file model.txt (compact mmCIF, C-alpha atoms)
# COMPACT_ATOMS: atom_id res chain seq x y z
CA MET A 12 -25.40 -16.73 4.83
CA PRO A 13 -24.94 -15.24 1.32
CA ILE A 14 -21.51 -15.16 -0.26
CA HIS A 15 -20.38 -11.57 -0.72
CA GLY A 16 -20.10 -10.65 -4.39
CA LEU A 17 -22.19 -13.59 -5.63
CA GLU A 18 -25.75 -12.57 -6.33
CA ASN A 19 -28.74 -14.30 -7.88
CA TYR A 20 -27.16 -17.72 -7.97
CA ALA A 21 -29.02 -21.00 -7.71
CA ARG A 22 -28.15 -23.03 -4.65
CA GLN A 23 -26.27 -26.25 -5.33
CA THR A 24 -28.77 -29.12 -5.40
CA ASN A 25 -26.58 -32.01 -6.48
CA PRO A 26 -25.68 -33.73 -4.29
CA LYS A 27 -28.46 -32.58 -1.98
CA HIS A 28 -26.41 -33.14 1.15
CA PHE A 29 -23.77 -30.56 0.15
CA ASP A 30 -23.94 -26.91 1.17
CA ILE A 31 -20.88 -24.79 0.34
CA GLU A 32 -21.84 -22.23 2.98
CA ALA A 33 -21.63 -24.90 5.67
CA VAL A 34 -18.07 -25.69 4.62
CA ILE A 35 -16.64 -22.17 4.47
CA ARG A 36 -15.52 -20.44 7.67
CA PRO A 37 -18.02 -17.78 8.83
CA ASN A 38 -15.39 -15.02 8.83
CA ILE A 39 -14.70 -15.77 5.15
CA LEU A 40 -18.37 -15.76 4.22
CA THR A 41 -18.73 -12.27 5.68
CA LEU A 42 -15.45 -11.03 4.18
CA HIS A 43 -15.61 -7.87 2.10
CA PRO A 44 -12.54 -8.13 -0.15
CA TYR A 45 -10.15 -5.27 -0.67
CA ARG A 46 -11.57 -3.00 -3.32
CA CYS A 47 -8.73 -1.94 -5.58
CA ALA A 48 -8.80 1.01 -7.93
CA ARG A 49 -9.27 -1.12 -11.06
CA ASP A 50 -12.50 -2.56 -9.65
CA ASP A 51 -14.14 0.80 -10.36
CA TYR A 52 -12.63 2.22 -13.56
CA GLN A 53 -10.14 0.82 -16.06
CA SER A 54 -9.64 3.57 -18.63
CA GLY A 55 -8.84 7.25 -18.87
CA ILE A 56 -6.09 9.20 -17.13
CA LEU A 57 -5.63 6.88 -14.16
CA LEU A 58 -4.70 8.94 -11.11
CA ASP A 59 -6.39 6.64 -8.62
CA ALA A 60 -3.96 3.83 -7.70
CA ASN A 61 -0.83 5.76 -6.70
CA GLU A 62 1.17 4.13 -9.47
CA ASN A 63 4.31 5.81 -10.77
CA ALA A 64 2.91 7.94 -13.58
CA LEU A 65 6.33 8.19 -15.24
CA GLY A 66 6.65 4.42 -15.60
CA HIS A 67 9.44 2.04 -14.68
CA SER A 68 13.10 3.03 -14.60
CA ILE A 69 14.72 -0.13 -15.90
CA ASP A 70 17.78 0.55 -18.02
CA PHE A 71 18.19 -2.06 -20.77
CA SER A 72 20.86 -0.16 -22.66
CA ASN A 73 23.65 -2.58 -21.73
CA ASP A 74 21.72 -5.84 -21.81
CA SER A 75 18.52 -5.53 -23.80
CA SER A 76 18.46 -9.24 -24.61
CA ILE A 77 18.11 -10.52 -21.05
CA ILE A 78 14.34 -10.93 -21.19
CA ASP A 79 14.45 -12.82 -24.48
CA SER A 80 17.22 -15.12 -23.32
CA TYR A 81 15.34 -16.15 -20.19
CA ALA A 82 12.11 -16.60 -22.08
CA ASP A 83 13.90 -18.98 -24.43
CA THR A 84 15.64 -21.10 -21.84
CA ASP A 85 14.42 -20.98 -18.25
CA LEU A 86 10.63 -20.74 -18.06
CA HIS A 87 10.34 -24.53 -17.83
CA ARG A 88 12.31 -24.45 -14.56
CA TYR A 89 11.02 -23.41 -11.16
CA PRO A 90 12.40 -20.05 -10.04
CA ASP A 91 15.18 -19.56 -7.53
CA PRO A 92 13.54 -19.90 -4.09
CA ALA A 93 16.22 -17.78 -2.39
CA GLN A 94 16.59 -14.88 -4.87
CA THR A 95 19.95 -14.03 -3.30
CA GLU A 96 21.02 -11.60 -6.02
CA ILE A 97 17.93 -9.45 -5.56
CA LYS A 98 18.26 -9.56 -1.77
CA THR A 99 21.91 -8.53 -2.02
CA ARG A 100 21.05 -5.46 -4.08
CA ILE A 101 18.20 -4.53 -1.75
CA ALA A 102 20.42 -4.97 1.31
CA ASP A 103 22.97 -2.65 -0.28
CA LEU A 104 20.33 -0.09 -1.28
CA ARG A 105 18.66 -0.01 2.14
CA GLN A 106 21.93 -0.37 4.08
CA MET A 107 21.09 -3.70 5.69
CA PRO A 108 23.93 -5.87 7.10
CA GLY A 109 23.18 -8.70 4.68
CA THR A 110 20.62 -10.80 2.85
CA ASP A 111 19.53 -12.43 6.10
CA HIS A 112 17.78 -9.12 6.86
CA VAL A 113 15.70 -9.22 3.64
CA PHE A 114 12.55 -11.16 2.73
CA LEU A 115 10.76 -11.01 -0.63
CA GLY A 116 7.03 -11.48 -1.08
CA VAL A 117 4.41 -11.33 -3.80
CA GLY A 118 3.82 -7.67 -3.15
CA SER A 119 3.71 -6.32 0.38
CA ASP A 120 0.30 -7.95 0.70
CA GLU A 121 1.84 -11.42 0.98
CA VAL A 122 4.14 -10.18 3.73
CA ILE A 123 1.23 -8.60 5.63
CA ASP A 124 -0.69 -11.86 5.47
CA LEU A 125 2.35 -13.92 6.49
CA LEU A 126 3.07 -11.68 9.47
CA ILE A 127 -0.47 -12.10 10.76
CA ARG A 128 -0.37 -15.85 10.18
CA VAL A 129 2.93 -16.39 11.98
CA CYS A 130 2.28 -14.03 14.88
CA CYS A 131 -1.44 -14.26 15.65
CA THR A 132 -3.46 -17.23 16.85
CA PRO A 133 -6.87 -17.04 15.10
CA GLY A 134 -9.67 -15.88 17.36
CA VAL A 135 -7.23 -15.19 20.20
CA ASP A 136 -4.60 -12.62 19.26
CA LYS A 137 -5.18 -9.17 17.73
CA ILE A 138 -3.57 -6.54 15.56
CA LEU A 139 -3.66 -2.79 16.08
CA THR A 140 -4.15 -0.36 13.20
CA THR A 141 -4.23 3.43 13.02
CA PRO A 142 -6.99 4.57 10.65
CA PRO A 143 -7.18 6.03 8.14
CA THR A 144 -4.79 3.46 6.75
CA TYR A 145 -4.20 0.82 4.10
CA GLY A 146 -7.21 -1.49 3.80
CA MET A 147 -5.33 -4.77 3.39
CA TYR A 148 -4.39 -4.91 7.08
CA ALA A 149 -8.06 -5.37 7.93
CA VAL A 150 -8.72 -7.77 5.05
CA CYS A 151 -5.80 -10.03 6.00
CA ALA A 152 -6.84 -9.91 9.64
CA GLN A 153 -10.37 -11.02 8.81
CA VAL A 154 -9.15 -13.79 6.50
CA ASN A 155 -7.05 -15.09 9.40
CA ASP A 156 -9.87 -14.60 11.94
CA VAL A 157 -7.83 -12.05 13.89
CA PRO A 158 -9.67 -9.15 15.60
CA ILE A 159 -8.54 -5.54 15.11
CA VAL A 160 -7.99 -2.81 17.68
CA LYS A 161 -8.23 0.62 16.06
CA VAL A 162 -6.50 3.71 17.40
CA PRO A 163 -7.21 6.56 14.95
CA LEU A 164 -4.50 9.00 13.95
CA SER A 165 -4.64 12.51 15.34
CA GLY A 166 -6.18 15.39 13.40
CA THR A 167 -2.82 16.02 11.74
CA PHE A 168 -2.50 12.31 10.80
CA GLN A 169 0.12 11.57 13.44
CA LEU A 170 0.19 8.71 15.93
CA SER A 171 -1.89 8.96 19.08
CA ILE A 172 1.00 7.52 21.06
CA ASP A 173 -0.58 7.69 24.50
CA GLU A 174 -3.70 5.91 23.28
CA ILE A 175 -1.63 3.22 21.54
CA LYS A 176 0.30 2.66 24.77
CA ARG A 177 -2.93 2.44 26.77
CA SER A 178 -4.34 -0.09 24.29
CA VAL A 179 -1.34 -2.44 24.40
CA ALA A 180 -1.01 -2.11 28.17
CA SER A 181 -4.63 -3.16 28.67
CA ASP A 182 -4.66 -5.89 26.02
CA PRO A 183 -1.63 -8.22 25.86
CA SER A 184 -3.25 -10.16 23.03
CA ILE A 185 -2.18 -7.41 20.57
CA LYS A 186 0.73 -9.00 18.70
CA LEU A 187 1.20 -6.65 15.75
CA ILE A 188 0.96 -2.88 15.34
CA PHE A 189 0.64 -1.77 11.71
CA LEU A 190 1.89 1.74 10.95
CA CYS A 191 1.89 3.30 7.50
CA SER A 192 4.58 5.89 6.71
CA PRO A 193 4.00 7.81 4.52
CA GLY A 194 0.39 6.93 5.22
CA ASN A 195 -2.18 5.80 2.70
CA PRO A 196 -4.39 7.79 2.23
CA THR A 197 -2.79 10.44 4.46
CA GLY A 198 0.48 10.94 2.56
CA THR A 199 2.14 11.77 5.87
CA VAL A 200 5.45 10.52 7.24
CA LEU A 201 5.57 9.35 10.86
CA PRO A 202 8.54 10.74 12.82
CA LEU A 203 11.09 8.09 13.75
CA SER A 204 10.99 9.42 17.31
CA ASP A 205 7.32 8.42 17.56
CA ILE A 206 8.02 4.95 16.18
CA ARG A 207 10.83 4.58 18.71
CA GLN A 208 8.42 5.33 21.56
CA ILE A 209 6.32 2.33 20.58
CA LEU A 210 9.33 0.08 20.03
CA ASP A 211 10.63 1.01 23.48
CA ASP A 212 7.30 0.45 25.24
CA ALA A 213 7.88 -2.49 27.59
CA ASN A 214 4.15 -3.21 27.73
CA PHE A 215 4.10 -4.18 24.06
CA LYS A 216 5.59 -7.62 23.48
CA GLY A 217 4.86 -7.88 19.77
CA VAL A 218 6.18 -6.56 16.45
CA VAL A 219 5.80 -3.05 15.05
CA VAL A 220 5.26 -3.23 11.28
CA VAL A 221 6.08 -0.02 9.40
CA ASP A 222 4.68 -0.04 5.87
CA GLU A 223 6.85 2.21 3.68
CA ALA A 224 5.41 1.69 0.22
CA TYR A 225 5.84 5.42 -0.55
CA ILE A 226 9.03 6.15 1.41
CA ASP A 227 11.14 7.13 -1.59
CA PHE A 228 8.87 10.11 -2.26
CA ALA A 229 9.49 11.48 1.25
CA SER A 230 12.45 13.51 2.47
CA ALA A 231 15.81 11.89 3.09
CA ASN A 232 16.38 9.91 6.29
CA SER A 233 12.64 9.35 6.85
CA SER A 234 12.81 5.57 6.56
CA ALA A 235 12.41 3.36 9.61
CA ALA A 236 14.74 0.86 7.90
CA GLN A 237 17.57 2.44 9.89
CA LEU A 238 15.87 1.22 13.08
CA VAL A 239 16.22 -2.43 12.00
CA HIS A 240 19.87 -2.36 13.08
CA GLU A 241 18.82 -1.39 16.59
CA TYR A 242 15.48 -3.11 17.24
CA ALA A 243 14.49 -6.77 16.96
CA ASN A 244 10.79 -5.91 17.24
CA ILE A 245 10.43 -3.92 14.01
CA CYS A 246 9.61 -5.09 10.49
CA VAL A 247 9.75 -2.54 7.67
CA LEU A 248 7.76 -3.22 4.51
CA GLN A 249 8.75 -1.75 1.15
CA THR A 250 7.87 -2.48 -2.48
CA LEU A 251 8.95 -2.09 -6.09
CA SER A 252 5.41 -1.00 -7.03
CA LYS A 253 5.63 2.73 -6.37
CA SER A 254 8.94 4.58 -6.75
CA PHE A 255 10.32 1.80 -8.98
CA GLY A 256 7.24 1.90 -11.20
CA LEU A 257 6.91 -1.89 -11.20
CA ALA A 258 3.44 -2.50 -9.80
CA ALA A 259 2.83 -5.23 -12.39
CA ILE A 260 5.59 -7.56 -11.16
CA ARG A 261 4.23 -7.74 -7.57
CA LEU A 262 7.42 -7.71 -5.54
CA GLY A 263 7.29 -6.68 -1.89
CA ILE A 264 10.08 -6.47 0.66
CA ALA A 265 10.39 -7.02 4.40
CA LEU A 266 13.41 -5.69 6.29
CA ALA A 267 13.95 -7.08 9.79
CA GLN A 268 16.49 -8.87 11.94
CA PRO A 269 17.33 -12.47 10.94
CA PRO A 270 15.02 -14.38 13.34
CA LEU A 271 11.83 -12.83 11.93
CA ILE A 272 13.14 -13.03 8.36
CA GLN A 273 13.83 -16.74 8.82
CA ILE A 274 10.34 -17.33 10.22
CA LEU A 275 8.83 -15.67 7.15
CA THR A 276 11.10 -17.70 4.88
CA ASN A 277 10.08 -20.92 6.60
CA THR A 278 6.40 -20.09 6.09
CA LYS A 279 6.22 -18.75 2.55
CA ALA A 280 5.27 -20.77 -0.51
CA PRO A 281 8.30 -22.56 -2.04
CA TYR A 282 8.64 -20.50 -5.23
CA ASN A 283 6.78 -17.30 -4.45
CA ILE A 284 8.77 -14.95 -6.73
CA SER A 285 8.40 -15.83 -10.41
CA THR A 286 11.31 -15.86 -12.83
CA PRO A 287 9.94 -12.99 -14.99
CA SER A 288 9.45 -10.88 -11.86
CA SER A 289 12.91 -11.64 -10.56
CA ILE A 290 14.56 -10.77 -13.90
CA LEU A 291 12.87 -7.38 -14.00
CA ALA A 292 13.54 -6.72 -10.31
CA LEU A 293 17.24 -7.45 -10.71
CA GLN A 294 17.46 -5.07 -13.65
CA ALA A 295 15.53 -2.40 -11.74
CA LEU A 296 18.10 -2.61 -8.94
CA SER A 297 21.10 -2.04 -11.22
CA PRO A 298 23.05 1.20 -10.75
CA ALA A 299 21.83 2.71 -14.02
CA SER A 300 18.21 1.87 -13.25
CA LEU A 301 18.47 3.26 -9.72
CA LYS A 302 19.78 6.51 -11.18
CA ASN A 303 16.77 6.62 -13.51
CA MET A 304 14.48 5.97 -10.56
CA GLN A 305 15.95 8.82 -8.53
CA ASP A 306 15.55 11.18 -11.47
CA LYS A 307 11.87 10.23 -11.81
CA ILE A 308 11.32 10.65 -8.08
CA MET A 309 12.70 14.18 -8.29
CA SER A 310 10.42 14.90 -11.26
CA LEU A 311 7.37 13.62 -9.38
CA ARG A 312 8.26 15.65 -6.29
CA THR A 313 8.43 18.75 -8.48
CA ALA A 314 5.15 17.83 -10.14
CA ARG A 315 3.60 17.32 -6.68
CA SER A 316 4.51 20.85 -5.63
CA GLU A 317 3.30 22.27 -8.92
CA LEU A 318 -0.01 20.42 -8.58
CA VAL A 319 -0.55 21.83 -5.09
CA SER A 320 0.01 25.32 -6.49
CA ALA A 321 -2.28 24.70 -9.48
CA LEU A 322 -5.13 23.55 -7.21
CA ALA A 323 -4.81 26.45 -4.77
CA PRO A 324 -7.05 28.87 -6.75
CA PHE A 325 -9.87 26.33 -6.58
CA SER A 326 -10.46 27.22 -2.93
CA LYS A 327 -13.10 29.68 -4.19
CA LEU A 328 -14.82 26.71 -5.89
CA GLY A 329 -14.90 24.63 -2.71
CA LEU A 330 -11.67 22.66 -2.94
CA ALA A 331 -9.67 22.88 0.28
CA SER A 332 -5.90 22.66 0.62
CA PRO A 333 -4.46 19.12 0.71
CA LEU A 334 -4.48 17.39 4.07
CA GLY A 335 -1.45 15.77 5.62
CA GLY A 336 2.21 16.14 4.84
CA ASN A 337 2.22 15.58 1.05
CA ASP A 338 5.10 13.13 1.52
CA ALA A 339 3.97 10.55 -1.07
CA ASN A 340 3.11 10.58 -4.78
CA PHE A 341 -0.47 11.67 -4.19
CA LEU A 342 -2.55 14.41 -2.59
CA LEU A 343 -5.54 14.05 -0.26
CA VAL A 344 -7.87 16.92 -1.07
CA PRO A 345 -11.18 17.74 0.65
CA VAL A 346 -14.16 18.83 -1.44
CA LEU A 347 -16.31 21.31 0.47
CA ASP A 348 -20.01 22.06 0.18
CA ARG A 349 -21.14 24.84 -2.16
CA GLU A 350 -20.91 27.35 0.66
CA GLY A 351 -17.24 26.40 0.95
CA GLY A 352 -17.12 25.63 4.64
CA THR A 353 -17.68 21.93 5.32
CA PRO A 354 -16.24 18.77 3.72
CA ASP A 355 -19.05 17.23 1.67
CA ASN A 356 -19.07 13.52 0.79
CA THR A 357 -22.08 13.87 -1.49
CA ARG A 358 -20.46 16.56 -3.62
CA ALA A 359 -17.11 14.76 -3.60
CA LEU A 360 -18.73 11.58 -4.91
CA LYS A 361 -20.48 13.51 -7.67
CA ILE A 362 -17.22 15.11 -8.75
CA TYR A 363 -15.38 11.77 -8.57
CA ARG A 364 -17.97 10.13 -10.84
CA GLU A 365 -18.18 13.12 -13.17
CA LEU A 366 -14.42 13.07 -13.70
CA ALA A 367 -14.28 9.31 -14.29
CA GLU A 368 -17.41 8.82 -16.38
CA HIS A 369 -17.55 12.01 -18.43
CA ARG A 370 -14.16 13.73 -18.33
CA GLY A 371 -11.64 10.89 -18.71
CA VAL A 372 -9.85 11.43 -15.40
CA VAL A 373 -9.98 8.82 -12.63
CA VAL A 374 -9.12 9.76 -9.05
CA ARG A 375 -10.10 7.93 -5.83
CA PHE A 376 -12.93 8.79 -3.46
CA ARG A 377 -11.71 8.40 0.13
CA GLY A 378 -14.52 10.13 1.99
CA ASP A 379 -15.51 6.85 3.59
CA GLN A 380 -12.22 6.71 5.53
CA TRP A 381 -11.80 7.99 9.09
CA GLY A 382 -10.84 11.67 9.12
CA CYS A 383 -11.18 11.98 5.33
CA GLN A 384 -14.69 13.41 4.99
CA GLY A 385 -15.24 14.71 1.46
CA CYS A 386 -11.75 13.72 0.33
CA LEU A 387 -10.47 12.79 -3.10
CA ARG A 388 -7.06 11.14 -3.32
CA ILE A 389 -5.25 12.26 -6.45
CA THR A 390 -2.12 10.51 -7.72
CA VAL A 391 0.50 12.91 -9.04
CA GLY A 392 0.60 12.32 -12.77
CA SER A 393 2.87 13.33 -15.62
CA PRO A 394 2.89 17.05 -16.47
CA GLN A 395 0.38 16.51 -19.25
CA GLU A 396 -1.86 14.34 -17.06
CA ASN A 397 -1.79 16.94 -14.30
CA LYS A 398 -2.68 19.67 -16.77
CA VAL A 399 -5.75 17.76 -17.95
CA LEU A 400 -6.69 16.94 -14.35
CA VAL A 401 -6.61 20.60 -13.34
CA GLN A 402 -8.71 21.62 -16.35
CA GLN A 403 -11.33 18.92 -15.89
CA LEU A 404 -11.51 19.29 -12.11
CA GLU A 405 -12.15 23.04 -12.45
CA THR A 406 -14.99 22.33 -14.89
CA ALA A 407 -16.50 19.73 -12.55
CA LEU A 408 -16.26 22.03 -9.54
CA LEU A 409 -18.00 24.79 -11.45
CA ALA A 410 -20.79 22.46 -12.56
CA LEU A 411 -21.49 20.53 -9.36
call {"tool": "encode", "arguments": {"input": "model.txt", "output": "structure tokens"}}
result
Amino acid sequence: MPIHGLENYARQTNPKHFDIEAVIRPNILTLHPYRCARDDYQSGILLDANENALGHSIDFSNDSSIIDSYADTDLHRYPDPAQTEIKTRIADLRQMPGTDHVFLGVGSDEVIDLLIRVCCTPGVDKILTTPPTYGMYAVCAQVNDVPIVKVPLSGTFQLSIDEIKRSVASDPSIKLIFLCSPGNPTGTVLPLSDIRQILDDANFKGVVVVDEAYIDFASANSSAAQLVHEYANICVLQTLSKSFGLAAIRLGIALAQPPLIQILTNTKAPYNISTPSSILALQALSPASLKNMQDKIMSLRTARSELVSALAPFSKLGLASPLGGNDANFLLVPVLDREGGTPDNTRALKIYRELAEHRGVVVRFRGDQWGCQGCLRITVGSPQENKVLVQQLETALLAL
């Protein structure tokens, strides 16, 4: 069985009795890794990875020497395994009772993988996902040899609650339900009342995981974190990558009641959060930095609305109105055929490549996702980036 991503390689002949493919688990040999935005394009106006286009919000005005002082003294020591200061600030920010309700991971991806590892027996238990959704749920499931039950979102990108309930009632091996709110790539918040219906379903004995990477871009009181006080069977994932503008430090968050948090803590690697990451995270959670973050969120929300308005005239060129709720820092926009009636993957791909390869603007093609035929996902950029995007997208739509 060939190894995905490794082509035209000579088989190992020394020693002759060794075959790497006989050693590796079959589910790993067939694994298609998560394809991130930077795998495709690395330069230009990058509106493809849902990063915070306005950058980080860290305020160094009162203590600009902190990075230098740590670099000089502490990099030869292992980092703090508990990271209590960071957890305290997160607990305060998200109104958790204490640090025993907070877990930190190397991005949300580590938490996703840990949850599957601690909850699902390989080859026996399952997870449930609601496509279109974040691709790492499936990748982590395959790495851990855990099958997936898929219950697609409705046409408005909301939960098909009755179908989810039927699935868990008929299959008690489902241990985790992964929900994404606001969704990626849907940009749509899930109502807390819908999440409650799943949490209250007596037929489901597992954990509901609500991934809130983009929650700070949504309206107030949208976060399922408030349900952690009430429900032991919920785990809310958040991150410093998006609203905080700190994708490079890879710091993810799980909010849950203490028993699940302790299980994750018992299972993680000993020093999973590096000292440089923890220094920056602590600064990002200071009052001054949080104020900066909120200001940038407001700017991006305004820019999101302005971008929707700027794209509206392109309907005559075959660009439909954005799908979903527009609750995140990106838009999901269908490209229609030249007649302007049907979402067209072929035309969308041509426009995507034209923008990236000839016009210096990189967006993300999502037409291969369920319910996203012909769609481009466009990160909301800075005002100048959005202006260039609109100009170049109009030119591409006219040409293709």
call {"tool": "closest_residue", "arguments": {"input": "model.txt", "among": "A:Gly371, A:Gly329, A:Pro158, A:Pro281", "to": "Arg349 of chain A", "atoms": "all atoms listed in the file"}}
result
A:Gly329
call {"tool": "residues_around", "arguments": {"input": "model.txt", "residues": "segment 270-276 of chain A", "least_positions_apart": "2", "cutoff": "7 Å", "atoms": "only C-alpha atoms", "output": "PDB file with C-alpha atoms, in the coordinates of the input"}}
result
ATOM      1  CA  ASP A 111      19.530 -12.430   6.100  1.00  0.00           C
ATOM      2  CA  HIS A 112      17.780  -9.120   6.860  1.00  0.00           C
ATOM      3  CA  VAL A 113      15.700  -9.220   3.640  1.00  0.00           C
ATOM      4  CA  PHE A 114      12.550 -11.160   2.730  1.00  0.00           C
ATOM      5  CA  LEU A 125       2.350 -13.920   6.490  1.00  0.00           C
ATOM      6  CA  ALA A 267      13.950  -7.080   9.790  1.00  0.00           C
ATOM      7  CA  GLN A 268      16.490  -8.870  11.940  1.00  0.00           C
ATOM      8  CA  THR A 278       6.400 -20.090   6.090  1.00  0.00           C
ATOM      9  CA  LYS A 279       6.220 -18.750   2.550  1.00  0.00           C
TER      10      LYS A 279
END
call {"tool": "closest_residue", "arguments": {"input": "model.txt", "among": "A:Phe341, A:Phe255, A:Tyr282, A:Tyr20", "to": "Leu115 of chain A", "atoms": "all atoms listed in the file"}}
result
A:Tyr282
call {"tool": "closest_residue", "arguments": {"input": "model.txt", "among": "A:Ser320, A:Ser326, A:Ser310, A:Thr199", "to": "Thr167 of chain A", "atoms": "only C-alpha atoms"}}
result
A:Thr199
call {"tool": "residues_around", "arguments": {"input": "model.txt", "residues": "Asn397 of chain A", "least_positions_apart": "6", "cutoff": "10 Å", "atoms": "only C-alpha atoms", "output": "PyMOL selection string"}}
result
chain A and resi 56+58+314-315+317-318+321+372+389-391+403
call {"tool": "atom_distance", "arguments": {"input": "model.txt", "atom1": "atom CA of Arg261 of chain A", "atom2": "atom CA of Ile101 of chain A"}}
result
15.5 Å
